[in-house]
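Source file: final_12.cif. Holds: mmCIF, C-alpha atoms.
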data_upload
loop_
_atom_site.label_atom_id
_atom_site.label_comp_id
_atom_site.auth_asym_id
_atom_site.auth_seq_id
_atom_site.Cartn_x
_atom_site.Cartn_y
_atom_site.Cartn_z
CA MET A 1 36.81 11.02 8.01
CA SER A 2 36.33 13.72 5.36
CA LYS A 3 35.73 10.91 2.86
CA ASN A 4 33.01 9.55 5.18
CA ILE A 5 31.37 12.97 5.30
CA SER A 6 31.28 13.29 1.52
CA THR A 7 29.89 9.74 1.17
CA VAL A 8 27.13 10.52 3.67
CA LYS A 9 26.39 13.73 1.72
CA LYS A 10 26.13 11.73 -1.50
CA MET A 11 23.76 9.32 0.20
CA TRP A 12 21.56 12.24 1.35
CA ILE A 13 21.36 13.32 -2.30
CA GLY A 14 20.46 9.74 -3.20
CA LEU A 15 17.70 9.88 -0.60
CA GLY A 16 16.36 13.08 -2.19
CA VAL A 17 16.27 11.31 -5.57
CA LEU A 18 14.38 8.41 -3.94
CA ALA A 19 11.87 10.91 -2.53
CA LEU A 20 11.31 12.35 -6.04
CA PHE A 21 10.72 8.87 -7.43
CA SER A 22 8.59 7.77 -4.46
CA PRO A 23 5.29 7.99 -6.44
CA ILE A 24 6.42 4.72 -8.08
CA GLY A 25 5.16 3.30 -4.78
CA ILE A 26 1.57 4.28 -5.65
CA ILE A 27 1.73 4.18 -9.47
CA LEU A 28 2.93 0.56 -9.76
CA PRO A 29 0.24 -0.85 -7.42
CA ASP A 30 -2.33 1.17 -9.41
CA LYS A 31 -1.08 -0.21 -12.75
CA PHE A 32 -1.05 -3.79 -11.50
CA LYS A 33 -4.42 -3.49 -9.76
CA ALA A 34 -3.00 -4.40 -6.38
CA GLY A 35 -4.99 -3.41 -3.30
CA SER A 36 -4.03 -2.70 0.29
CA ALA A 37 -1.26 -4.47 2.15
CA TRP A 38 -2.49 -7.64 3.91
CA GLY A 39 -4.10 -6.70 7.23
CA GLU A 40 -4.17 -2.97 6.44
CA TRP A 41 -7.65 -2.74 4.95
CA SER A 42 -9.95 0.20 5.60
CA PRO A 43 -13.27 -0.54 7.36
CA GLU A 44 -15.01 -0.15 3.97
CA GLU A 45 -12.76 -2.79 2.40
CA ILE A 46 -13.35 -5.14 5.33
CA GLU A 47 -17.08 -4.69 4.99
CA LYS A 48 -16.79 -5.78 1.34
CA MET A 49 -14.64 -8.79 2.26
CA LEU A 50 -16.59 -10.07 5.28
CA GLY A 51 -20.01 -8.47 5.05
CA TYR A 52 -19.48 -6.81 8.43
CA VAL A 53 -16.91 -4.67 10.25
CA PRO A 54 -15.58 -6.13 13.53
CA GLN A 55 -16.92 -3.87 16.31
CA GLY A 56 -13.63 -3.34 18.14
CA LEU A 57 -11.84 -2.68 14.88
CA LYS A 58 -14.39 -0.04 13.93
CA LYS A 59 -14.14 1.71 17.30
CA LEU A 60 -10.33 1.70 17.61
CA GLY A 61 -9.92 2.50 13.91
CA GLU A 62 -11.47 5.92 14.48
CA LEU A 63 -8.98 6.79 17.21
CA TRP A 64 -6.57 8.88 15.20
CA ASN A 65 -6.88 11.34 12.34
CA ALA A 66 -3.47 11.75 10.78
CA PRO A 67 -2.76 15.18 9.21
CA PHE A 68 -1.51 13.55 5.95
CA PRO A 69 -3.51 10.33 5.64
CA ASP A 70 -1.93 7.75 3.29
CA TYR A 71 0.93 10.16 2.48
CA ASP A 72 -1.39 12.64 0.82
CA PHE A 73 -2.99 15.98 1.56
CA LYS A 74 -6.45 15.65 3.07
CA GLY A 75 -9.08 15.69 0.35
CA TRP A 76 -6.61 15.00 -2.46
CA GLU A 77 -7.28 11.26 -2.56
CA SER A 78 -10.05 11.71 -5.13
CA MET A 79 -7.95 13.96 -7.40
CA GLY A 80 -6.26 11.31 -9.54
CA ILE A 81 -2.89 9.70 -9.47
CA SER A 82 -0.88 12.70 -10.71
CA MET A 83 -2.07 14.96 -7.88
CA GLN A 84 -1.66 12.09 -5.43
CA SER A 85 1.91 11.74 -6.67
CA LEU A 86 2.56 15.37 -5.75
CA GLY A 87 1.08 14.77 -2.30
CA TYR A 88 3.23 11.66 -2.01
CA ILE A 89 6.46 13.53 -2.82
CA ALA A 90 5.49 16.31 -0.41
CA SER A 91 4.83 13.68 2.28
CA ALA A 92 8.23 12.09 1.61
CA VAL A 93 9.93 15.48 2.02
CA ILE A 94 7.96 16.32 5.19
CA GLY A 95 8.65 12.86 6.65
CA ILE A 96 12.37 13.02 5.88
CA ALA A 97 12.65 16.49 7.43
CA VAL A 98 10.77 15.54 10.61
CA ILE A 99 12.54 12.18 11.06
CA ALA A 100 16.02 13.52 10.31
CA GLY A 101 15.33 16.52 12.59
CA ILE A 102 14.23 14.35 15.53
CA THR A 103 17.16 11.96 15.07
CA MET A 104 19.73 14.76 14.78
CA LEU A 105 18.35 16.41 17.90
CA LEU A 106 18.29 13.21 19.98
CA GLY A 107 21.74 12.26 18.69
CA LYS A 108 23.32 15.63 19.42
CA VAL A 109 21.85 15.69 22.92
CA GLY A 110 22.58 12.06 23.75
CA LEU A 111 25.85 11.12 22.06
CA LYS A 112 29.36 12.13 23.10
CA ASP A 113 31.84 13.76 20.74
CA MET B 1 3.39 -4.85 7.89
CA HIS B 2 2.12 -1.63 9.52
CA ILE B 3 -0.66 -2.97 11.75
CA PRO B 4 -3.43 -0.31 11.86
CA ASP B 5 -5.55 0.71 14.84
CA GLY B 6 -8.33 -1.74 15.53
CA TYR B 7 -6.60 -4.90 14.35
CA LEU B 8 -5.00 -5.73 17.70
CA SER B 9 -6.94 -6.19 20.94
CA PRO B 10 -5.81 -4.26 24.03
CA GLN B 11 -4.65 -7.65 25.41
CA THR B 12 -2.12 -7.62 22.57
CA TYR B 13 -1.13 -4.00 22.08
CA VAL B 14 -0.70 -3.10 25.75
CA PRO B 15 1.99 -5.77 26.37
CA PHE B 16 3.83 -4.66 23.22
CA TYR B 17 3.83 -1.06 24.52
CA ALA B 18 5.01 -2.32 27.91
CA PHE B 19 7.90 -4.02 26.15
CA ILE B 20 8.90 -1.35 23.66
CA VAL B 21 9.16 1.66 26.00
CA PRO B 22 11.86 0.18 28.29
CA TYR B 23 13.40 -1.56 25.28
CA LEU B 24 13.99 1.78 23.54
CA ALA B 25 15.47 3.21 26.76
CA ILE B 26 17.92 0.29 26.88
CA ALA B 27 18.67 0.71 23.17
CA SER B 28 19.48 4.40 23.76
CA ASN B 29 21.97 3.46 26.46
CA LYS B 30 23.61 0.85 24.19
CA VAL B 31 23.86 3.39 21.37
CA LYS B 32 25.48 5.92 23.71
CA LYS B 33 28.27 3.40 24.27
CA THR B 34 28.80 2.41 20.63
CA LEU B 35 28.24 5.57 18.57
CA ARG B 36 29.66 9.10 18.76
CA SER B 37 28.15 12.41 17.76
CA ARG B 38 29.98 12.23 14.41
CA HIS B 39 27.78 9.22 13.57
CA VAL B 40 24.56 11.20 14.10
CA PRO B 41 24.17 12.31 10.44
CA LEU B 42 24.43 8.67 9.36
CA LEU B 43 21.87 7.64 12.00
CA ALA B 44 19.49 10.37 10.78
CA LEU B 45 20.09 9.22 7.20
CA GLY B 46 19.30 5.63 8.23
CA ALA B 47 16.02 6.65 9.88
CA ALA B 48 15.02 8.79 6.88
CA PHE B 49 16.05 6.04 4.46
CA SER B 50 13.92 3.48 6.27
CA PHE B 51 10.98 5.91 6.09
CA VAL B 52 11.33 6.56 2.35
CA ILE B 53 12.01 2.95 1.33
CA MET B 54 8.78 1.94 3.10
CA MET B 55 6.91 4.28 0.70
CA PHE B 56 7.95 2.13 -2.27
CA ASN B 57 4.99 -0.21 -2.32
CA VAL B 58 5.59 -3.17 -4.59
CA PRO B 59 2.47 -4.80 -6.02
CA ILE B 60 1.59 -8.45 -6.35
CA PRO B 61 -0.49 -8.13 -9.54
CA GLY B 62 -4.17 -8.30 -8.62
CA GLY B 63 -3.24 -8.91 -4.99
CA THR B 64 -1.70 -7.06 -2.10
CA THR B 65 1.20 -4.64 -1.84
CA GLY B 66 4.25 -4.64 0.40
CA HIS B 67 7.61 -2.98 0.79
CA ALA B 68 11.12 -3.19 2.18
CA VAL B 69 11.83 -1.74 5.65
CA GLY B 70 15.55 -0.99 5.35
CA GLY B 71 16.08 -2.21 8.91
CA VAL B 72 18.73 -4.76 7.97
CA ILE B 73 21.08 -2.37 6.16
CA VAL B 74 20.83 0.19 8.97
CA ALA B 75 21.63 -2.59 11.48
CA ILE B 76 24.65 -3.70 9.44
CA LEU B 77 25.98 -0.13 9.29
CA LEU B 78 25.24 1.13 12.80
CA GLY B 79 24.35 -1.96 14.82
CA PRO B 80 20.99 -3.49 15.73
CA TRP B 81 20.37 -1.22 18.74
CA ALA B 82 20.86 1.96 16.70
CA ALA B 83 18.74 0.47 13.92
CA SER B 84 15.96 -0.14 16.46
CA ILE B 85 15.99 3.55 17.32
CA ALA B 86 16.16 4.68 13.69
CA VAL B 87 13.35 2.42 12.45
CA SER B 88 11.20 3.18 15.52
CA ILE B 89 11.47 6.94 14.93
CA ALA B 90 10.38 6.37 11.32
CA LEU B 91 7.46 4.17 12.43
CA ILE B 92 6.24 6.61 15.09
CA VAL B 93 6.28 9.49 12.60
CA GLN B 94 4.49 7.30 10.03
CA ALA B 95 1.74 6.53 12.53
CA LEU B 96 1.31 10.09 13.82
CA LEU B 97 1.64 12.12 10.61
CA PHE B 98 0.62 9.73 7.86
CA GLY B 99 -1.75 7.27 9.54
CA ASP B 100 0.46 4.37 8.38
CA GLY B 101 0.30 1.91 11.26
CA GLY B 102 -1.98 2.53 14.22
CA ILE B 103 -1.32 4.63 17.31
CA THR B 104 -2.28 1.68 19.50
CA ALA B 105 -0.10 -0.64 17.39
CA ILE B 106 3.11 1.42 17.68
CA GLY B 107 4.52 -1.04 20.22
CA ALA B 108 3.80 -4.08 18.04
CA ASN B 109 4.99 -2.41 14.85
CA CYS B 110 8.21 -1.21 16.49
CA PHE B 111 8.73 -4.75 17.78
CA ASN B 112 8.20 -6.42 14.39
CA MET B 113 10.04 -3.96 12.20
CA GLY B 114 12.30 -2.13 14.67
CA VAL B 115 13.49 -4.98 16.88
CA VAL B 116 13.08 -8.26 15.00
CA ILE B 117 14.26 -7.10 11.57
CA PRO B 118 17.45 -5.37 12.78
CA PHE B 119 18.46 -8.11 15.22
CA ALA B 120 17.63 -11.09 12.99
CA GLY B 121 19.19 -9.33 10.00
CA TYR B 122 22.33 -8.22 11.79
CA TYR B 123 23.17 -11.63 13.26
CA ILE B 124 22.40 -13.51 10.04
CA TYR B 125 24.68 -11.06 8.20
CA LYS B 126 27.43 -11.53 10.76
CA LEU B 127 27.13 -15.30 10.63
CA ILE B 128 27.40 -15.46 6.83
CA ALA B 129 29.90 -12.63 6.31
CA GLY B 130 32.15 -14.16 8.95
CA ALA B 131 35.71 -12.88 8.79
CA SER B 132 35.58 -12.13 5.06
CA GLU B 133 37.36 -9.07 3.63
CA ILE B 134 35.27 -5.91 3.85
CA THR B 135 35.27 -5.75 0.01
CA SER B 136 34.39 -9.43 -0.42
CA PRO B 137 31.28 -10.37 -2.46
CA ARG B 138 30.43 -12.56 0.51
CA ARG B 139 29.47 -9.34 2.34
CA TRP B 140 26.72 -8.27 -0.03
CA VAL B 141 25.51 -11.84 -0.46
CA ALA B 142 25.30 -12.05 3.35
CA GLY B 143 23.38 -8.75 3.34
CA ALA B 144 20.92 -10.06 0.73
CA ILE B 145 20.23 -13.27 2.69
CA ALA B 146 19.96 -11.34 5.96
CA GLY B 147 17.51 -8.91 4.35
CA TYR B 148 15.38 -11.71 2.92
CA LEU B 149 15.24 -13.73 6.13
CA GLY B 150 14.98 -10.76 8.49
CA ILE B 151 11.82 -9.34 6.92
CA ASN B 152 10.31 -12.82 6.58
CA ILE B 153 10.76 -13.60 10.28
CA ALA B 154 9.05 -10.29 11.10
CA ALA B 155 6.23 -11.06 8.64
CA VAL B 156 5.54 -14.41 10.32
CA LEU B 157 5.41 -12.70 13.73
CA ALA B 158 3.03 -10.04 12.41
CA GLY B 159 0.92 -12.90 10.97
CA ILE B 160 0.80 -14.53 14.40
CA GLU B 161 -0.20 -11.22 16.03
CA PHE B 162 -3.05 -10.86 13.51
CA GLY B 163 -4.00 -14.53 13.73
CA ILE B 164 -4.39 -14.79 17.51
CA GLN B 165 -6.99 -12.00 17.61
CA PRO B 166 -10.03 -14.22 16.90
CA LEU B 167 -8.82 -16.44 19.78
CA ILE B 168 -8.69 -13.46 22.15
CA ALA B 169 -11.84 -11.48 21.51
CA ILE B 170 -15.20 -12.49 20.01
CA ALA B 171 -18.31 -10.29 20.04
CA PRO B 172 -21.59 -11.69 21.46
CA ASP B 173 -22.80 -12.21 17.87
CA GLY B 174 -19.89 -14.60 17.24
CA HIS B 175 -17.88 -12.25 14.99
CA PRO B 176 -14.26 -11.49 15.89
CA LEU B 177 -13.86 -8.09 17.58
CA TYR B 178 -10.50 -7.19 16.00
CA ALA B 179 -8.39 -8.68 13.15
CA PRO B 180 -10.83 -11.24 11.76
CA TYR B 181 -8.67 -13.95 10.20
CA PRO B 182 -7.38 -16.96 12.18
CA LEU B 183 -3.74 -18.10 12.39
CA SER B 184 -4.35 -20.60 9.58
CA VAL B 185 -5.06 -17.70 7.22
CA ALA B 186 -2.98 -14.83 8.62
CA VAL B 187 0.37 -16.60 8.95
CA PRO B 188 0.42 -18.19 5.46
CA ALA B 189 -0.76 -14.87 3.95
CA MET B 190 1.91 -12.76 5.64
CA ALA B 191 4.67 -15.35 5.15
CA GLY B 192 3.67 -16.21 1.58
CA GLU B 193 3.79 -12.71 0.16
CA HIS B 194 7.10 -11.93 1.85
CA LEU B 195 8.70 -15.23 0.81
CA MET B 196 7.46 -14.72 -2.73
CA LEU B 197 8.23 -11.04 -3.32
CA PHE B 198 8.78 -8.51 -0.52
CA GLY B 199 11.68 -10.46 1.01
CA PHE B 200 13.55 -10.07 -2.27
CA VAL B 201 12.99 -6.30 -2.15
CA GLU B 202 14.62 -6.08 1.30
CA ALA B 203 17.43 -8.35 0.01
CA LEU B 204 18.01 -6.10 -3.00
CA VAL B 205 18.01 -2.88 -0.97
CA THR B 206 20.47 -4.34 1.56
CA ALA B 207 22.83 -5.80 -1.05
CA LEU B 208 22.83 -2.65 -3.22
CA VAL B 209 23.81 -0.36 -0.35
CA ILE B 210 26.58 -2.74 0.74
CA LYS B 211 27.90 -3.01 -2.84
CA TYR B 212 27.83 0.77 -3.21
CA LEU B 213 29.70 1.31 0.06
CA GLN B 214 32.27 -1.40 -0.73
CA LYS B 215 33.21 0.68 -3.77
CA ALA B 216 32.64 4.21 -2.50
CA ASP B 217 33.75 4.15 1.13
CA ASN B 218 34.13 0.75 2.77
CA GLU B 219 35.18 2.29 6.09
CA LEU B 220 31.47 2.97 6.69
CA LEU B 221 30.92 -0.79 6.74
CA THR B 222 33.21 -1.11 9.75
CA ILE B 223 31.56 1.30 12.19
CA TYR B 224 29.77 -1.38 14.22
CA GLY B 225 31.91 -4.47 14.71
CA GLY B 226 32.16 -5.01 10.96
CA ALA B 227 35.94 -4.83 10.88
CA LYS B 228 37.67 -8.11 11.36
#
Just dump the structure as structure tokens.
Amino acid sequence: MSKNISTVKKMWIGLGVLALFSPIGIILPDKFKAGSAWGEWSPEEIEKMLGYVPQGLKKLGELWNAPFPDYDFKGWESMGISMQSLGYIASAVIGIAVIAGITMLLGKVGLKD
Amino acid sequence: MHIPDGYLSPQTYVPFYAFIVPYLAIASNKVKKTLRSRHVPLLALGAAFSFVIMMFNVPIPGGTTGHAVGGVIVAILLGPWAASIAVSIALIVQALLFGDGGITAIGANCFNMGVVIPFAGYYIYKLIAGASEITSPRRWVAGAIAGYLGINIAAVLAGIEFGIQPLIAIAPDGHPLYAPYPLSVAVPAMAGEHLMLFGFVEALVTALVIKYLQKADNELLTIYGGAK
């Protein structure tokens, strides 16, 4: 059991390293001139592709304003890839903390010893 | 594979919500029977891992991007029901905080990535790994194949969900109201890119974690029915 605990600790450290290297996930697509994921285009991109934006898509697409859109701080998207990388790492850290926190809480409340 | 708001008609996203809410309640009950509180840190790690691995967008040069989900390895370690919960928590946080995947599409996205990937992946892994030794290479090979197939099955389903939209809702001017491409475009696009590249990323992630645990601490591979 104590071995399990130390392995899980090591894997948490590994996850932290992954978070630090997460900007690879925006730098590589930038280098290889790859665009959005299929079916995840912004209304502007759709307009370019089709010449129009589907009405329902436009309306529903405005439903939610996420606090960290595209894993970045609001307004940082025009600041170049190095600043975006910082926003990306910060988003990874925030996401890990929130997700691990929720899961720990639900698990501690719901699961027996 | 994170379907944004606006791509699915209400006729599509409402039924997915109606499915996923009771599904997650059932999954919670199943997890209560199979896991103990000492497994909670590993479950939290699995959810956080799935979140971070989805940030590693891999490019098709000049084309689209995609990523692994991590749902297969979490299912192999903790079981498909627990993986459903872990991946769904990651997806809900992605939608709410980071705008990755729509609010209306949470049901569909949790179905594709949080139900289909863990269940398909887990049972393919079990089928191929069979009764092999926990340290056997057959285990990580099984994980790789399960990862590849699991994410591809989910990609085809997401393609179908996109592709049926023009059949469901057309504006008076004749343009589709939601996701604009028909099945004949959406399914080959989603399947093609995952068969060609992103499936291999899920395979690699799954196999690497299994190989690491076989060396470091193979007991963790036996938590959910892995021990034979």
As JSON, numbers by chain, could you give me every residue of chain A near chain B (at most 8 Å apart, counting only C-alpha atoms)? {"A": [3, 4, 7, 8, 11, 12, 15, 18, 19, 22, 23, 24, 25, 26, 28, 29, 32, 33, 34, 35, 36, 37, 38, 39, 40, 54, 55, 56, 57, 58, 59, 60, 61, 62, 63, 64, 65, 66, 67, 68, 69, 70, 71, 72, 92, 95, 96, 98, 99, 100, 101, 102, 103, 104, 107, 108, 110, 111, 112, 113]}
Using C-alpha atoms, can you export the residues from the last selection as an mmCIF file, in the coordinates of the input?
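Done, and the output landed in part_11.cif:
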data_model
loop_
_atom_site.group_PDB
_atom_site.id
_atom_site.type_symbol
_atom_site.label_atom_id
_atom_site.label_comp_id
_atom_site.auth_asym_id
_atom_site.auth_seq_id
_atom_site.Cartn_x
_atom_site.Cartn_y
_atom_site.Cartn_z
ATOM 1 C CA LYS A 3 35.730 10.910 2.860
ATOM 2 C CA ASN A 4 33.010 9.550 5.180
ATOM 3 C CA THR A 7 29.890 9.740 1.170
ATOM 4 C CA VAL A 8 27.130 10.520 3.670
ATOM 5 C CA MET A 11 23.760 9.320 0.200
ATOM 6 C CA TRP A 12 21.560 12.240 1.350
ATOM 7 C CA LEU A 15 17.700 9.880 -0.600
ATOM 8 C CA LEU A 18 14.380 8.410 -3.940
ATOM 9 C CA ALA A 19 11.870 10.910 -2.530
ATOM 10 C CA SER A 22 8.590 7.770 -4.460
ATOM 11 C CA PRO A 23 5.290 7.990 -6.440
ATOM 12 C CA ILE A 24 6.420 4.720 -8.080
ATOM 13 C CA GLY A 25 5.160 3.300 -4.780
ATOM 14 C CA ILE A 26 1.570 4.280 -5.650
ATOM 15 C CA LEU A 28 2.930 0.560 -9.760
ATOM 16 C CA PRO A 29 0.240 -0.850 -7.420
ATOM 17 C CA PHE A 32 -1.050 -3.790 -11.500
ATOM 18 C CA LYS A 33 -4.420 -3.490 -9.760
ATOM 19 C CA ALA A 34 -3.000 -4.400 -6.380
ATOM 20 C CA GLY A 35 -4.990 -3.410 -3.300
ATOM 21 C CA SER A 36 -4.030 -2.700 0.290
ATOM 22 C CA ALA A 37 -1.260 -4.470 2.150
ATOM 23 C CA TRP A 38 -2.490 -7.640 3.910
ATOM 24 C CA GLY A 39 -4.100 -6.700 7.230
ATOM 25 C CA GLU A 40 -4.170 -2.970 6.440
ATOM 26 C CA PRO A 54 -15.580 -6.130 13.530
ATOM 27 C CA GLN A 55 -16.920 -3.870 16.310
ATOM 28 C CA GLY A 56 -13.630 -3.340 18.140
ATOM 29 C CA LEU A 57 -11.840 -2.680 14.880
ATOM 30 C CA LYS A 58 -14.390 -0.040 13.930
ATOM 31 C CA LYS A 59 -14.140 1.710 17.300
ATOM 32 C CA LEU A 60 -10.330 1.700 17.610
ATOM 33 C CA GLY A 61 -9.920 2.500 13.910
ATOM 34 C CA GLU A 62 -11.470 5.920 14.480
ATOM 35 C CA LEU A 63 -8.980 6.790 17.210
ATOM 36 C CA TRP A 64 -6.570 8.880 15.200
ATOM 37 C CA ASN A 65 -6.880 11.340 12.340
ATOM 38 C CA ALA A 66 -3.470 11.750 10.780
ATOM 39 C CA PRO A 67 -2.760 15.180 9.210
ATOM 40 C CA PHE A 68 -1.510 13.550 5.950
ATOM 41 C CA PRO A 69 -3.510 10.330 5.640
ATOM 42 C CA ASP A 70 -1.930 7.750 3.290
ATOM 43 C CA TYR A 71 0.930 10.160 2.480
ATOM 44 C CA ASP A 72 -1.390 12.640 0.820
ATOM 45 C CA ALA A 92 8.230 12.090 1.610
ATOM 46 C CA GLY A 95 8.650 12.860 6.650
ATOM 47 C CA ILE A 96 12.370 13.020 5.880
ATOM 48 C CA VAL A 98 10.770 15.540 10.610
ATOM 49 C CA ILE A 99 12.540 12.180 11.060
ATOM 50 C CA ALA A 100 16.020 13.520 10.310
ATOM 51 C CA GLY A 101 15.330 16.520 12.590
ATOM 52 C CA ILE A 102 14.230 14.350 15.530
ATOM 53 C CA THR A 103 17.160 11.960 15.070
ATOM 54 C CA MET A 104 19.730 14.760 14.780
ATOM 55 C CA GLY A 107 21.740 12.260 18.690
ATOM 56 C CA LYS A 108 23.320 15.630 19.420
ATOM 57 C CA GLY A 110 22.580 12.060 23.750
ATOM 58 C CA LEU A 111 25.850 11.120 22.060
ATOM 59 C CA LYS A 112 29.360 12.130 23.100
ATOM 60 C CA ASP A 113 31.840 13.760 20.740
#
Enter the distance from atom CA of Ala83 of chain B to atom CA of Val116 of chain B, in Å, rounded to one decimal.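 Between these atoms lies a distance of 10.5 Å.
For the choices A:Tyr88, A:Phe21, A:Trp41, A:Tyr52, the atom-to-atom distance to Trp76 of chain A is smallest for A:Tyr88 when using all atoms listed in the file.
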Using all atoms listed in the file for the distances, tell me which of B:Tyr23, B:Tyr148, B:Trp81, B:Phe119 is nearest to Leu204 of chain B.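 Residue with the minimum atom-to-atom distance to Leu204 of chain B: B:Tyr148.
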For the structure shown, which residues end up in the PyMOL selection byres ((chain B and resi 12) around 9)? Put them as a PyMOL selection string, please? chain B and resi 8-11+13-16+105+108+161+165+168
Output C-alpha atoms for every residue in the selection just made, as a short mmCIF file (atom, residue, chain, number, x, y, z; two decimals), keeping the file's coordinate frame.
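Dumped everything to out-v3.cif:
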data_model
loop_
_atom_site.label_atom_id
_atom_site.label_comp_id
_atom_site.auth_asym_id
_atom_site.auth_seq_id
_atom_site.Cartn_x
_atom_site.Cartn_y
_atom_site.Cartn_z
CA LEU B 8 -5.00 -5.73 17.70
CA SER B 9 -6.94 -6.19 20.94
CA PRO B 10 -5.81 -4.26 24.03
CA GLN B 11 -4.65 -7.65 25.41
CA TYR B 13 -1.13 -4.00 22.08
CA VAL B 14 -0.70 -3.10 25.75
CA PRO B 15 1.99 -5.77 26.37
CA PHE B 16 3.83 -4.66 23.22
CA ALA B 105 -0.10 -0.64 17.39
CA ALA B 108 3.80 -4.08 18.04
CA GLU B 161 -0.20 -11.22 16.03
CA GLN B 165 -6.99 -12.00 17.61
CA ILE B 168 -8.69 -13.46 22.15
#
Name the residues that the PyMOL selection byres ((chain B and resi 207) around 8) pulls out of this structure, and write them as a short mmCIF file (atom, residue, chain, number, x, y, z; two decimals) with C-alpha atoms, in the coordinates of the input.
data_model
loop_
_atom_site.label_atom_id
_atom_site.label_comp_id
_atom_site.auth_asym_id
_atom_site.auth_seq_id
_atom_site.Cartn_x
_atom_site.Cartn_y
_atom_site.Cartn_z
CA TRP B 140 26.72 -8.27 -0.03
CA VAL B 141 25.51 -11.84 -0.46
CA GLY B 143 23.38 -8.75 3.34
CA ALA B 144 20.92 -10.06 0.73
CA ALA B 203 17.43 -8.35 0.01
CA LEU B 204 18.01 -6.10 -3.00
CA VAL B 205 18.01 -2.88 -0.97
CA THR B 206 20.47 -4.34 1.56
CA LEU B 208 22.83 -2.65 -3.22
CA VAL B 209 23.81 -0.36 -0.35
CA ILE B 210 26.58 -2.74 0.74
CA LYS B 211 27.90 -3.01 -2.84
#
Residue members of the PyMOL selection byres ((chain B and resi 224) around 9) in the file shown, as a ChimeraX atom specification: /B:34-35,75-79,220-223,225-227
The distance between atom CA of Gly163 of chain B and atom CA of Pro182 of chain B is 4.4 Å
Give me the box for segment 43-47 of chain A as lines of an AutoDock Vina configuration file, namely the centre and edge lengths in Å to one decimal of a box along x, y and z that holds every listed atom plus 3 Å on each side.
center_x = -14.9
center_y = -2.6
center_z = 4.9
size_x = 10.3
size_y = 11.0
size_z = 11.0
Atom CA of Val69 of chain B and atom CA of Ser132 of chain B are how many Å apart?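 Those two atoms sit 25.9 Å apart.
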List as a list of chain:residue names the residues having at least one atom at most 6 Å from position (14.3, -0.2, 19.2) as given in the file, counting all atoms listed in the file. B:Leu24, B:Ala27, B:Ser84, B:Ile85, B:Ser88, B:Gly114, B:Val115
Kindly indicate which residue among A:Ile5, A:Leu106, A:Gly75, A:Ile81 lies nearest to Ala82 of chain B, using all atoms listed in the file for the distances. A:Leu106
